[in-house]
file target36.cif (mmCIF, C-alpha atoms)
data_structure
#
loop_
_atom_site.label_atom_id
_atom_site.label_comp_id
_atom_site.auth_asym_id
_atom_site.auth_seq_id
_atom_site.Cartn_x
_atom_site.Cartn_y
_atom_site.Cartn_z
CA MET A 1058 -24.07 -17.17 -3.09
CA THR A 1059 -21.18 -19.26 -1.77
CA GLN A 1060 -21.47 -22.92 -2.67
CA ALA A 1061 -21.09 -25.55 0.06
CA ILE A 1062 -18.23 -27.23 -1.75
CA ASP A 1063 -16.29 -23.93 -1.67
CA THR A 1064 -16.69 -23.73 2.11
CA GLN A 1065 -15.45 -27.29 2.54
CA LYS A 1066 -12.32 -26.60 0.53
CA ALA A 1067 -11.52 -23.41 2.42
CA ALA A 1068 -12.15 -24.99 5.84
CA THR A 1069 -8.88 -26.93 5.54
CA THR A 1070 -6.80 -23.73 5.72
CA LEU A 1071 -8.97 -20.87 7.05
CA LYS A 1072 -9.35 -21.22 10.83
CA SER A 1073 -10.61 -18.27 12.88
CA LEU A 1074 -10.30 -14.64 13.89
CA LYS A 1075 -7.79 -14.20 16.71
CA CYS A 1076 -7.03 -11.23 18.92
CA LYS A 1077 -3.46 -9.97 18.40
CA GLU A 1078 -3.28 -8.93 22.06
CA CYS A 1079 -4.91 -11.58 24.27
CA GLY A 1080 -5.24 -14.47 21.81
CA ALA A 1081 -9.02 -14.91 22.14
CA GLU A 1082 -10.52 -16.64 19.09
CA TYR A 1083 -13.73 -15.85 17.23
CA GLU A 1084 -15.82 -17.19 14.36
CA LEU A 1085 -15.10 -15.89 10.87
CA LYS A 1086 -17.76 -13.18 10.93
CA ALA A 1087 -17.81 -9.42 10.31
CA SER A 1088 -15.96 -8.39 13.46
CA HIS A 1089 -12.70 -6.56 14.04
CA VAL A 1090 -12.27 -5.88 17.78
CA CYS A 1091 -11.82 -8.28 20.69
CA GLU A 1092 -14.71 -8.10 23.15
CA PHE A 1093 -12.38 -8.82 26.07
CA CYS A 1094 -9.37 -6.50 25.59
CA PHE A 1095 -10.44 -4.44 22.53
CA GLY A 1096 -7.37 -5.61 20.61
CA PRO A 1097 -7.50 -5.98 16.80
CA LEU A 1098 -8.59 -9.29 15.27
CA GLU A 1099 -6.52 -11.11 12.65
CA VAL A 1100 -7.27 -14.08 10.41
CA THR A 1101 -5.49 -17.34 11.23
CA TYR A 1102 -4.78 -20.31 8.94
CA ASP A 1103 -3.89 -23.98 9.17
CA TYR A 1104 -0.33 -23.82 7.83
CA SER A 1105 0.14 -27.60 8.02
CA ALA A 1106 -2.76 -28.04 5.60
CA LEU A 1107 -1.44 -25.24 3.40
CA ARG A 1108 2.00 -26.85 3.26
CA ASN A 1109 0.41 -30.04 1.93
CA THR A 1110 -1.71 -28.37 -0.75
CA ILE A 1111 0.45 -25.55 -2.11
CA SER A 1112 3.65 -25.42 -4.15
CA ARG A 1113 5.49 -23.01 -6.40
CA GLU A 1114 4.06 -24.88 -9.37
CA THR A 1115 0.42 -24.67 -8.23
CA ILE A 1116 0.82 -20.93 -7.62
CA GLN A 1117 2.39 -20.33 -11.03
CA ALA A 1118 -0.42 -22.31 -12.66
CA GLY A 1119 -2.97 -19.91 -11.16
CA PRO A 1120 -4.32 -16.68 -12.64
CA ASN A 1121 -1.98 -13.82 -13.50
CA SER A 1122 -3.38 -11.77 -10.64
CA MET A 1123 -3.19 -11.63 -6.85
CA TRP A 1124 -5.70 -14.49 -6.75
CA ARG A 1125 -2.94 -16.99 -7.60
CA TYR A 1126 -2.42 -16.81 -3.81
CA ARG A 1127 -6.09 -17.50 -2.98
CA LYS A 1128 -5.31 -20.23 -0.47
CA PHE A 1129 -3.41 -17.68 1.62
CA LEU A 1130 -6.36 -15.28 1.60
CA PRO A 1131 -9.44 -15.25 3.90
CA VAL A 1132 -12.13 -16.20 1.39
CA GLN A 1133 -14.14 -19.36 0.88
CA SER A 1134 -15.34 -18.91 -2.68
CA GLU A 1135 -13.59 -20.59 -5.56
CA ASN A 1136 -14.71 -17.59 -7.64
CA PRO A 1137 -13.43 -14.45 -5.93
CA ILE A 1138 -13.90 -10.96 -7.34
CA ASP A 1139 -10.96 -10.88 -9.73
CA VAL A 1140 -10.57 -7.74 -11.87
CA GLY A 1141 -6.94 -8.41 -12.76
CA THR A 1142 -5.56 -6.90 -9.57
CA GLY A 1143 -1.96 -7.63 -8.66
CA MET A 1144 1.10 -9.12 -10.37
CA THR A 1145 2.35 -5.58 -10.93
CA PRO A 1146 5.93 -5.04 -12.19
CA LEU A 1147 8.97 -5.46 -9.97
CA VAL A 1148 11.30 -3.09 -11.78
CA ARG A 1149 15.08 -3.51 -11.48
CA SER A 1150 16.21 0.07 -11.01
CA GLN A 1151 19.16 1.33 -13.01
CA ARG A 1152 19.27 5.13 -13.07
CA LEU A 1153 17.73 5.74 -9.63
CA ALA A 1154 20.01 3.07 -8.16
CA ARG A 1155 23.07 4.80 -9.66
CA ARG A 1156 21.88 8.19 -8.42
CA LEU A 1157 21.58 6.82 -4.88
CA GLY A 1158 24.64 4.57 -4.99
CA LEU A 1159 22.75 1.28 -4.67
CA ASN A 1160 23.60 -1.89 -6.59
CA LYS A 1161 20.42 -3.98 -6.14
CA LEU A 1162 17.40 -1.69 -5.97
CA TYR A 1163 13.96 -2.87 -7.08
CA ILE A 1164 10.73 -0.87 -7.40
CA LYS A 1165 7.44 -2.66 -6.74
CA ASN A 1166 5.19 -0.54 -8.93
CA ASP A 1167 1.58 -0.62 -7.77
CA ALA A 1168 1.07 2.73 -9.51
CA VAL A 1169 -0.17 0.59 -12.41
CA ASN A 1170 -2.36 -1.74 -10.36
CA MET A 1171 -5.84 -2.55 -11.67
CA PRO A 1172 -8.46 -1.22 -11.73
CA THR A 1173 -7.76 2.12 -9.95
CA LEU A 1174 -3.95 2.46 -9.93
CA SER A 1175 -3.16 1.87 -6.26
CA PHE A 1176 -2.40 -1.00 -3.91
CA LYS A 1177 -5.85 -0.53 -2.35
CA ASP A 1178 -7.28 -2.59 -5.20
CA ARG A 1179 -5.70 -5.61 -3.50
CA VAL A 1180 -7.33 -5.17 -0.10
CA VAL A 1181 -10.70 -4.23 -1.57
CA SER A 1182 -10.79 -7.30 -3.84
CA VAL A 1183 -10.42 -9.47 -0.74
CA ALA A 1184 -12.81 -7.45 1.42
CA LEU A 1185 -15.63 -7.36 -1.12
CA THR A 1186 -15.26 -11.06 -1.90
CA ARG A 1187 -15.65 -11.76 1.81
CA ALA A 1188 -18.48 -9.21 2.12
CA ARG A 1189 -20.41 -11.05 -0.57
CA GLU A 1190 -19.80 -14.37 1.20
CA LEU A 1191 -21.12 -12.92 4.47
CA GLY A 1192 -24.28 -11.68 2.77
CA PHE A 1193 -23.65 -7.92 2.60
CA THR A 1194 -25.34 -6.08 -0.26
CA THR A 1195 -24.05 -2.59 0.60
CA VAL A 1196 -20.35 -1.91 1.07
CA SER A 1197 -18.55 1.17 2.29
CA CYS A 1198 -15.28 2.60 3.60
CA ALA A 1199 -13.59 5.53 5.31
CA SER A 1200 -10.91 6.74 2.93
CA THR A 1201 -8.20 9.27 2.18
CA GLY A 1202 -8.96 8.75 -1.51
CA ASN A 1203 -7.42 5.61 -2.96
CA LEU A 1204 -9.56 3.24 -0.92
CA ALA A 1205 -12.73 5.07 -1.98
CA ASN A 1206 -11.68 4.74 -5.63
CA SER A 1207 -11.09 1.01 -5.24
CA THR A 1208 -14.24 0.30 -3.25
CA ALA A 1209 -16.43 2.21 -5.72
CA ALA A 1210 -14.87 0.54 -8.78
CA ILE A 1211 -14.86 -3.04 -7.54
CA ALA A 1212 -18.34 -2.71 -6.02
CA ALA A 1213 -19.58 -1.54 -9.42
CA HIS A 1214 -17.98 -4.60 -11.04
CA ALA A 1215 -19.51 -6.93 -8.44
CA GLY A 1216 -22.98 -5.33 -8.54
CA LEU A 1217 -22.89 -4.24 -4.89
CA ASP A 1218 -24.44 -1.02 -3.58
CA CYS A 1219 -21.74 1.39 -2.45
CA CYS A 1220 -21.47 4.44 -0.19
CA VAL A 1221 -17.99 5.81 0.54
CA PHE A 1222 -16.77 8.50 2.92
CA ILE A 1223 -13.83 10.88 2.37
CA PRO A 1224 -12.49 14.12 3.88
CA ALA A 1225 -13.98 17.03 1.92
CA ASP A 1226 -10.59 18.55 1.04
CA LEU A 1227 -9.22 15.65 -1.03
CA GLU A 1228 -7.46 16.09 -4.36
CA ALA A 1229 -9.80 16.53 -7.35
CA GLY A 1230 -8.41 13.44 -9.10
CA LYS A 1231 -9.37 11.20 -6.21
CA ILE A 1232 -12.85 12.69 -5.91
CA LEU A 1233 -13.50 12.22 -9.64
CA GLY A 1234 -11.89 8.78 -9.41
CA SER A 1235 -14.70 7.70 -7.10
CA LEU A 1236 -17.66 9.59 -8.59
CA ILE A 1237 -17.16 8.04 -12.04
CA TYR A 1238 -18.34 4.67 -10.66
CA SER A 1239 -21.61 6.24 -9.35
CA PRO A 1240 -21.37 5.40 -5.65
CA THR A 1241 -22.97 7.57 -2.99
CA LEU A 1242 -19.99 9.76 -2.03
CA MET A 1243 -20.02 11.49 1.35
CA ALA A 1244 -17.47 14.34 1.63
CA VAL A 1245 -17.06 14.95 5.37
CA LYS A 1246 -15.92 18.28 6.78
CA GLY A 1247 -13.01 16.93 8.80
CA ASN A 1248 -9.80 14.90 8.61
CA TYR A 1249 -9.54 11.15 8.08
CA ASP A 1250 -9.70 10.29 11.77
CA GLN A 1251 -13.00 12.18 12.07
CA VAL A 1252 -14.30 10.42 8.97
CA ASN A 1253 -13.34 7.06 10.45
CA ARG A 1254 -15.15 7.76 13.73
CA LEU A 1255 -18.31 8.67 11.83
CA CYS A 1256 -18.07 5.50 9.75
CA SER A 1257 -17.84 3.36 12.89
CA GLU A 1258 -21.20 4.80 13.96
CA VAL A 1259 -22.71 4.23 10.52
CA ALA A 1260 -21.45 0.63 10.45
CA ASN A 1261 -23.13 -0.06 13.79
CA THR A 1262 -26.45 1.54 12.85
CA HIS A 1263 -26.88 0.53 9.20
CA GLY A 1264 -25.28 -2.92 9.13
CA TRP A 1265 -23.21 -2.23 6.02
CA GLY A 1266 -19.95 -3.97 5.18
CA PHE A 1267 -17.23 -1.41 5.85
CA VAL A 1268 -14.05 -2.78 4.30
CA ASN A 1269 -11.73 -1.12 6.83
CA ILE A 1270 -13.97 -1.39 9.90
CA ASN A 1271 -16.09 -4.52 10.46
CA LEU A 1272 -14.41 -6.29 7.50
CA ARG A 1273 -10.91 -5.06 8.41
CA PRO A 1274 -9.41 -8.46 9.37
CA TYR A 1275 -10.19 -9.77 5.86
CA TYR A 1276 -9.42 -6.53 4.03
CA SER A 1277 -5.95 -6.14 5.53
CA GLU A 1278 -4.91 -9.63 4.43
CA GLY A 1279 -4.93 -8.45 0.81
CA SER A 1280 -1.73 -6.49 1.47
CA LYS A 1281 0.13 -9.79 2.00
CA THR A 1282 0.08 -10.26 -1.77
CA LEU A 1283 2.64 -7.44 -2.06
CA GLY A 1284 4.97 -9.66 -0.07
CA PHE A 1285 4.08 -12.82 -1.98
CA GLU A 1286 4.64 -11.22 -5.39
CA VAL A 1287 8.02 -9.73 -4.49
CA ALA A 1288 9.25 -13.10 -3.24
CA GLU A 1289 8.06 -14.86 -6.38
CA GLN A 1290 9.39 -12.16 -8.70
CA LEU A 1291 12.81 -12.30 -7.04
CA GLY A 1292 13.01 -15.98 -8.02
CA TRP A 1293 11.41 -17.33 -4.83
CA GLN A 1294 13.75 -15.42 -2.56
CA LEU A 1295 13.24 -12.75 0.08
CA PRO A 1296 14.88 -9.32 -0.24
CA ASP A 1297 17.35 -7.99 2.32
CA HIS A 1298 15.58 -4.70 2.97
CA ILE A 1299 12.18 -3.19 2.15
CA VAL A 1300 11.02 0.43 2.34
CA ALA A 1301 7.27 1.09 2.40
CA PRO A 1302 4.91 3.98 3.24
CA LEU A 1303 3.15 4.05 6.61
CA ALA A 1304 -0.42 5.29 7.04
CA SER A 1305 -2.31 3.01 9.44
CA GLY A 1306 0.72 0.68 9.50
CA SER A 1307 -1.31 -2.26 8.19
CA LEU A 1308 0.49 -2.55 4.84
CA PHE A 1309 3.82 -2.79 6.67
CA THR A 1310 2.65 -5.53 9.03
CA LYS A 1311 1.01 -7.57 6.27
CA ILE A 1312 4.05 -7.59 3.98
CA TYR A 1313 5.91 -8.93 7.01
CA LYS A 1314 3.21 -11.57 7.56
CA GLY A 1315 3.29 -12.52 3.88
CA PHE A 1316 7.05 -13.15 3.92
CA ASN A 1317 6.70 -15.23 7.08
CA GLU A 1318 3.87 -17.31 5.64
CA PHE A 1319 5.93 -18.21 2.57
CA VAL A 1320 8.73 -19.31 4.89
CA GLU A 1321 6.29 -21.23 7.11
CA VAL A 1322 4.98 -23.38 4.24
CA GLY A 1323 8.40 -23.89 2.63
CA LEU A 1324 7.98 -21.76 -0.50
CA VAL A 1325 11.04 -19.63 0.28
CA GLU A 1326 14.05 -19.96 2.56
CA GLY A 1327 13.92 -17.86 5.70
CA LYS A 1328 16.38 -15.00 6.14
CA PRO A 1329 16.55 -11.65 7.97
CA VAL A 1330 14.70 -8.85 6.15
CA LYS A 1331 14.97 -5.27 7.40
CA PHE A 1332 11.70 -3.33 7.39
CA SER A 1333 11.90 0.46 7.04
CA GLY A 1334 8.92 2.79 6.93
CA ALA A 1335 8.20 6.22 5.48
CA GLN A 1336 6.01 9.04 6.80
CA ALA A 1337 5.48 12.73 6.07
CA GLU A 1338 6.64 15.10 8.80
CA GLY A 1339 3.20 16.69 8.81
CA CYS A 1340 1.69 13.38 9.93
CA SER A 1341 4.37 11.18 11.47
CA PRO A 1342 3.03 9.61 14.69
CA ILE A 1343 4.66 6.24 13.92
CA ALA A 1344 8.05 7.76 13.06
CA LYS A 1345 7.96 9.80 16.29
CA ALA A 1346 7.15 6.73 18.37
CA PHE A 1347 10.04 4.88 16.74
CA LYS A 1348 12.53 7.69 17.32
CA GLU A 1349 11.43 8.17 20.93
CA ASP A 1350 11.48 4.40 21.57
CA ARG A 1351 7.86 4.41 22.72
CA ASP A 1352 5.49 1.43 22.75
CA PHE A 1353 2.45 3.63 22.17
CA ILE A 1354 1.31 6.04 19.47
CA GLN A 1355 0.52 9.65 20.31
CA PRO A 1356 -2.15 10.87 17.85
CA VAL A 1357 -1.45 13.98 15.77
CA LYS A 1358 -3.48 16.33 13.60
CA PRO A 1359 -2.41 15.81 9.94
CA ASN A 1360 -0.90 18.72 8.03
CA THR A 1361 0.82 17.50 4.87
CA ILE A 1362 0.40 17.24 1.10
CA ALA A 1363 0.69 13.45 1.50
CA LYS A 1364 -3.03 13.07 2.19
CA SER A 1365 -3.18 9.41 1.21
CA ILE A 1366 -1.03 8.48 4.24
CA ALA A 1367 -2.28 11.25 6.57
CA ILE A 1368 -3.74 9.15 9.39
CA GLY A 1369 -3.16 10.87 12.71
CA ASN A 1370 -4.19 7.91 14.89
CA PRO A 1371 -2.88 4.82 13.05
CA ALA A 1372 -4.53 1.56 14.11
CA ASP A 1373 -1.47 -0.63 13.49
CA GLY A 1374 1.20 1.93 14.35
CA VAL A 1375 2.49 0.07 17.42
CA TYR A 1376 2.92 -3.13 15.42
CA ALA A 1377 4.79 -1.28 12.66
CA VAL A 1378 7.22 0.14 15.24
CA GLU A 1379 7.72 -3.33 16.70
CA ILE A 1380 8.53 -4.84 13.28
CA ALA A 1381 10.98 -2.07 12.36
CA LYS A 1382 12.82 -2.52 15.66
CA LYS A 1383 13.05 -6.29 15.66
CA THR A 1384 14.18 -6.49 12.02
CA GLY A 1385 16.87 -3.80 12.36
CA GLY A 1386 14.99 -1.40 10.13
CA SER A 1387 14.10 2.26 10.63
CA ILE A 1388 11.13 4.63 10.37
CA GLU A 1389 11.84 8.10 9.03
CA SER A 1390 9.85 11.18 8.07
CA VAL A 1391 10.42 13.81 5.38
CA THR A 1392 9.14 17.32 4.65
CA ASP A 1393 6.57 18.18 1.99
CA ALA A 1394 9.36 19.75 -0.10
CA GLU A 1395 11.32 16.48 0.08
CA ILE A 1396 8.17 14.57 -0.93
CA VAL A 1397 7.85 16.65 -4.11
CA GLU A 1398 11.53 16.07 -4.84
CA GLY A 1399 10.98 12.34 -4.31
CA ILE A 1400 8.15 12.32 -6.86
CA LYS A 1401 10.33 14.17 -9.38
CA LEU A 1402 13.36 11.96 -8.69
CA LEU A 1403 11.48 8.73 -9.39
CA ALA A 1404 9.86 10.17 -12.51
CA GLU A 1405 13.03 11.56 -14.10
CA THR A 1406 15.15 8.48 -13.36
CA GLU A 1407 12.74 5.57 -13.87
CA GLY A 1408 9.76 7.02 -15.77
CA ILE A 1409 7.35 6.20 -12.92
CA PHE A 1410 4.93 8.93 -11.84
CA THR A 1411 3.88 8.31 -8.26
CA GLU A 1412 1.55 10.14 -5.92
CA THR A 1413 2.59 11.75 -2.64
CA ALA A 1414 2.83 8.46 -0.72
CA GLY A 1415 5.38 7.22 -3.25
CA GLY A 1416 7.22 10.53 -3.12
CA THR A 1417 7.44 10.12 0.65
CA THR A 1418 8.83 6.60 0.25
CA ILE A 1419 11.47 7.62 -2.31
CA ALA A 1420 12.51 10.61 -0.17
CA VAL A 1421 12.90 8.34 2.86
CA LEU A 1422 14.84 5.80 0.77
CA LYS A 1423 17.26 8.58 -0.17
CA LYS A 1424 17.50 9.70 3.47
CA LEU A 1425 18.24 6.16 4.66
CA VAL A 1426 20.98 5.72 2.05
CA GLU A 1427 22.59 9.02 2.98
CA ALA A 1428 22.51 8.02 6.66
CA GLY A 1429 24.25 4.72 5.89
CA LYS A 1430 21.22 2.67 6.95
CA ILE A 1431 21.03 0.75 3.66
CA ASN A 1432 23.98 -1.32 2.50
CA PRO A 1433 24.64 -0.65 -1.22
CA ASP A 1434 24.86 -4.40 -1.87
CA GLU A 1435 21.59 -5.28 -0.12
CA THR A 1436 18.70 -6.39 -2.30
CA THR A 1437 16.38 -3.50 -1.49
CA VAL A 1438 12.73 -3.26 -2.55
CA VAL A 1439 10.88 0.06 -2.40
CA TYR A 1440 7.08 -0.06 -2.56
CA ILE A 1441 5.30 2.50 -4.76
CA THR A 1442 1.64 2.28 -3.83
CA GLY A 1443 -0.23 4.82 -5.98
CA ASN A 1444 -0.27 6.74 -9.26
CA GLY A 1445 0.77 10.38 -9.60
CA LEU A 1446 -2.16 11.19 -11.89
CA LYS A 1447 -4.29 11.19 -8.73
CA THR A 1448 -2.37 13.97 -6.96
CA GLN A 1449 -1.22 16.31 -9.71
CA GLU A 1450 -1.77 19.34 -7.45
CA ALA A 1451 1.20 18.27 -5.34
CA VAL A 1452 3.74 18.97 -8.09
CA GLN A 1453 1.97 21.79 -9.90
CA GLY A 1454 4.29 24.78 -9.98
CA TYR A 1455 7.41 22.68 -9.26
CA ILE A 1456 8.02 21.05 -12.63
CA GLY A 1457 8.31 23.96 -15.05
CA GLU A 1458 6.10 25.06 -17.92
CA PRO A 1459 5.93 24.09 -21.62
CA LEU A 1460 7.87 26.22 -24.10
CA THR A 1461 5.24 27.98 -26.21
CA ILE A 1462 6.48 28.66 -29.76
CA GLU A 1463 5.28 29.77 -33.15
CA ALA A 1464 4.82 27.15 -35.85
CA LYS A 1465 8.15 28.20 -37.35
CA LEU A 1466 11.59 26.58 -37.35
CA ASP A 1467 13.43 29.67 -36.07
CA SER A 1468 11.01 29.97 -33.13
CA PHE A 1469 11.73 26.36 -32.25
CA GLU A 1470 15.51 26.88 -32.50
CA GLN A 1471 15.40 29.90 -30.21
CA ALA A 1472 13.30 28.03 -27.62
CA LEU A 1473 15.61 25.00 -27.79
CA GLU A 1474 18.66 27.18 -27.12
CA ARG A 1475 16.91 28.84 -24.17
CA SER A 1476 16.05 25.45 -22.68
CA ARG A 1477 19.65 24.23 -23.04
CA THR A 1478 20.96 27.40 -21.41
CA LEU A 1479 18.58 26.95 -18.47
CA GLU A 1480 19.61 23.31 -18.15
CA ARG A 1481 23.31 24.29 -18.00
CA LEU A 1482 22.56 26.89 -15.32
CA GLU A 1483 20.65 24.30 -13.26
CA TRP A 1484 23.58 21.87 -13.40
CA GLN A 1485 25.99 24.64 -12.37
CA GLN A 1486 23.81 25.35 -9.34
CA VAL A 1487 23.80 21.65 -8.42
CA LEU A 1488 27.61 21.47 -8.70
CA VAL A 1489 28.02 24.58 -6.53
#
call {"tool": "encode", "arguments": {"input": "target36.cif", "output": "structure tokens"}}
result
Amino acid sequence: MTQAIDTQKAATTLKSLKCKECGAEYELKASHVCEFCFGPLEVTYDYSALRNTISRETIQAGPNSMWRYRKFLPVQSENPIDVGTGMTPLVRSQRLARRLGLNKLYIKNDAVNMPTLSFKDRVVSVALTRARELGFTTVSCASTGNLANSTAAIAAHAGLDCCVFIPADLEAGKILGSLIYSPTLMAVKGNYDQVNRLCSEVANTHGWGFVNINLRPYYSEGSKTLGFEVAEQLGWQLPDHIVAPLASGSLFTKIYKGFNEFVEVGLVEGKPVKFSGAQAEGCSPIAKAFKEDRDFIQPVKPNTIAKSIAIGNPADGVYAVEIAKKTGGSIESVTDAEIVEGIKLLAETEGIFTETAGGTTIAVLKKLVEAGKINPDETTVVYITGNGLKTQEAVQGYIGEPLTIEAKLDSFEQALERSRTLERLEWQQVLV
């Protein structure tokens, strides 16, 4: 139960829910759509109060997790659900940077985020903390895999009942990655957009806390911490360019909001930051809207190996397009074959095994560099949002096989020579 003193402390910075379209304001309840214009609701804060209570020193004195930024997050409790989520490595790239011809490339590696190895742990930590404050005892979500993993794991930690919904054709690793926490797992015969529509009906009839439906305004704020951490890890500076995957578009918009909030309260100096987004060609409604200079999203039916970002009707797609345009960024799409190559490229240069969303992002990074859309001297941050162990099927058959040998030295020598010969042939093909 939330203590009264917690509410009093939070009231100085947490203000209301506000419609992004018409500006109508609402109480801080479990609601996500404006009753007047049906626009999305977003949490607002008292930045004057924040400016007077926050500093670089107070943040650094906080926990070594995303909750060091608690005052920027929409919770009232002094004791949020903290399972060590966040503060993931910002890796200065060397070999990938050289391969691409970049001088200042950084990799924000949420493939090692806790507890379920994706950035979704951030948004779920916030959503379930708020769900508990609002009195929910059962939590749920519509998911393409990673969100279901996070919701099931963090609900188990918090002692909340959990029922999660996924498309029935998800990768085995993501299905097992939810079942291990013993939620009720509903595998729906349909794509994510069909799952989401069903969940909206369930939320209305059962009164559960759906992290990405009736709790969405709070949930989405967790993604801001990916902006906060990058700024802090760069020595309290903003990058020049970021490249991130696009599914609903929410992650993109919240990193943007996070940068702006740090500027607003004086933690970092303001500067232009280009925002570029990555989609798979088999589900690229946001990229198509950007290329066709449209202010609306035309829904598509997903058909790609990048299932974690396969949302055919993205809720925040229009806002993602707007941010890319006004910051001088770009939104590109890549084929499934390029996604696999992106996964392999990151792994063989930096030792980071990412899932298909990360492969999409690396492939788009490469495409942007080749098109001259990233200056080699820009400080560029690429966001890797999930772990490759979850989507092993995507690269199966594309990464070779082990060399099976006898337990004898001569068998080893013969196999070693064969492998070196094959490697030389591969390099000759690349040079040709």
call {"tool": "residues_around", "arguments": {"input": "target36.cif", "residues": "stretch 1366-1368 of chain A", "least_positions_apart": "3", "cutoff": "6 Å", "atoms": "all atoms listed in the file", "output": "list in words"}}
result
Ala1304, Cys1340, Pro1359, Ala1363 and Pro1371 of chain A
call {"tool": "closest_atom_pairs", "arguments": {"input": "target36.cif", "of": "stretch 1307-1408 of chain A", "to": "stretch 1110-1116 of chain A", "cutoff": "12 Å", "atoms": "all atoms listed in the file", "output": "Markdown table"}}
result
| residue | atom | partner | partner_atom | distance |
| --- | --- | --- | --- | --- |
| A:Glu1318 | CA | A:Ile1111 | CA | 11.8 |
| A:Phe1319 | CA | A:Ser1112 | CA | 10.1 |
| A:Glu1321 | CA | A:Ile1111 | CA | 11.7 |
| A:Val1322 | CA | A:Ile1111 | CA | 8.1 |
| A:Gly1323 | CA | A:Ser1112 | CA | 8.4 |
| A:Leu1324 | CA | A:Arg1113 | CA | 6.5 |
| A:Val1325 | CA | A:Arg1113 | CA | 9.3 |
call {"tool": "residues_around", "arguments": {"input": "target36.cif", "residues": "A:Ala1404", "least_positions_apart": "2", "cutoff": "12 Å", "atoms": "only C-alpha atoms", "output": "ChimeraX atom specification"}}
result
/A:1152-1153,1168,1397-1402,1406-1412,1415-1416,1419,1441,1444-1445,1452,1456
call {"tool": "atom_distance", "arguments": {"input": "target36.cif", "atom1": "atom CA of A:Ile1343", "atom2": "atom CA of A:Gly1096"}}
result
18.2 Å
call {"tool": "atom_distance", "arguments": {"input": "target36.cif", "atom1": "atom CA of A:Leu1174", "atom2": "atom CA of A:Gln1133"}}
result
26.4 Å
call {"tool": "resolve_selection", "arguments": {"input": "target36.cif", "expression": "the PyMOL selection byres ((chain A and resi 1316) around 8)", "output": "list in words"}}
result
Lys1281, Gly1284, Phe1285, Ala1288, Leu1295, Ile1312, Tyr1313, Lys1314, Gly1315, Asn1317, Glu1318, Phe1319 and Val1320 of chain A
call {"tool": "resolve_selection", "arguments": {"input": "target36.cif", "expression": "the PyMOL selection byres ((chain A and resi 1379) around 12)", "output": "PDB file with C-alpha atoms, keeping the file's coordinate frame"}}
result
ATOM      1  CA  GLY A1306       0.720   0.680   9.500  1.00  0.00           C
ATOM      2  CA  PHE A1309       3.820  -2.790   6.670  1.00  0.00           C
ATOM      3  CA  THR A1310       2.650  -5.530   9.030  1.00  0.00           C
ATOM      4  CA  TYR A1313       5.910  -8.930   7.010  1.00  0.00           C
ATOM      5  CA  LYS A1331      14.970  -5.270   7.400  1.00  0.00           C
ATOM      6  CA  PHE A1332      11.700  -3.330   7.390  1.00  0.00           C
ATOM      7  CA  SER A1333      11.900   0.460   7.040  1.00  0.00           C
ATOM      8  CA  GLY A1334       8.920   2.790   6.930  1.00  0.00           C
ATOM      9  CA  ILE A1343       4.660   6.240  13.920  1.00  0.00           C
ATOM     10  CA  ALA A1344       8.050   7.760  13.060  1.00  0.00           C
ATOM     11  CA  ALA A1346       7.150   6.730  18.370  1.00  0.00           C
ATOM     12  CA  PHE A1347      10.040   4.880  16.740  1.00  0.00           C
ATOM     13  CA  ASP A1350      11.480   4.400  21.570  1.00  0.00           C
ATOM     14  CA  ARG A1351       7.860   4.410  22.720  1.00  0.00           C
ATOM     15  CA  ASP A1352       5.490   1.430  22.750  1.00  0.00           C
ATOM     16  CA  PHE A1353       2.450   3.630  22.170  1.00  0.00           C
ATOM     17  CA  ILE A1354       1.310   6.040  19.470  1.00  0.00           C
ATOM     18  CA  ASP A1373      -1.470  -0.630  13.490  1.00  0.00           C
ATOM     19  CA  GLY A1374       1.200   1.930  14.350  1.00  0.00           C
ATOM     20  CA  VAL A1375       2.490   0.070  17.420  1.00  0.00           C
ATOM     21  CA  TYR A1376       2.920  -3.130  15.420  1.00  0.00           C
ATOM     22  CA  ALA A1377       4.790  -1.280  12.660  1.00  0.00           C
ATOM     23  CA  VAL A1378       7.220   0.140  15.240  1.00  0.00           C
ATOM     24  CA  ILE A1380       8.530  -4.840  13.280  1.00  0.00           C
ATOM     25  CA  ALA A1381      10.980  -2.070  12.360  1.00  0.00           C
ATOM     26  CA  LYS A1382      12.820  -2.520  15.660  1.00  0.00           C
ATOM     27  CA  LYS A1383      13.050  -6.290  15.660  1.00  0.00           C
ATOM     28  CA  THR A1384      14.180  -6.490  12.020  1.00  0.00           C
ATOM     29  CA  GLY A1385      16.870  -3.800  12.360  1.00  0.00           C
ATOM     30  CA  GLY A1386      14.990  -1.400  10.130  1.00  0.00           C
ATOM     31  CA  SER A1387      14.100   2.260  10.630  1.00  0.00           C
ATOM     32  CA  ILE A1388      11.130   4.630  10.370  1.00  0.00           C
TER      33      ILE A1388
END
call {"tool": "residues_near_point", "arguments": {"input": "target36.cif", "point": "(-22.6, -4.8, -6.7)", "cutoff": "12 Å", "atoms": "all atoms listed in the file", "output": "MDAnalysis selection string"}}
result
chainID A and resid 1138 1185:1186 1188:1189 1192:1197 1208:1220 1238:1240
call {"tool": "atom_distance", "arguments": {"input": "target36.cif", "atom1": "atom CA of A:Phe1267", "atom2": "atom CA of A:Cys1198"}}
result
5.0 Å
call {"tool": "closest_residue", "arguments": {"input": "target36.cif", "among": "A:Pro1120, A:Lys1348, A:Met1243, A:Tyr1275", "to": "A:Glu1190", "atoms": "only C-alpha atoms"}}
result
A:Tyr1275
call {"tool": "closest_residue", "arguments": {"input": "target36.cif", "among": "A:Thr1361, A:Thr1442, A:Asn1271, A:Ser1088", "to": "A:Thr1145", "atoms": "all atoms listed in the file"}}
result
A:Thr1442
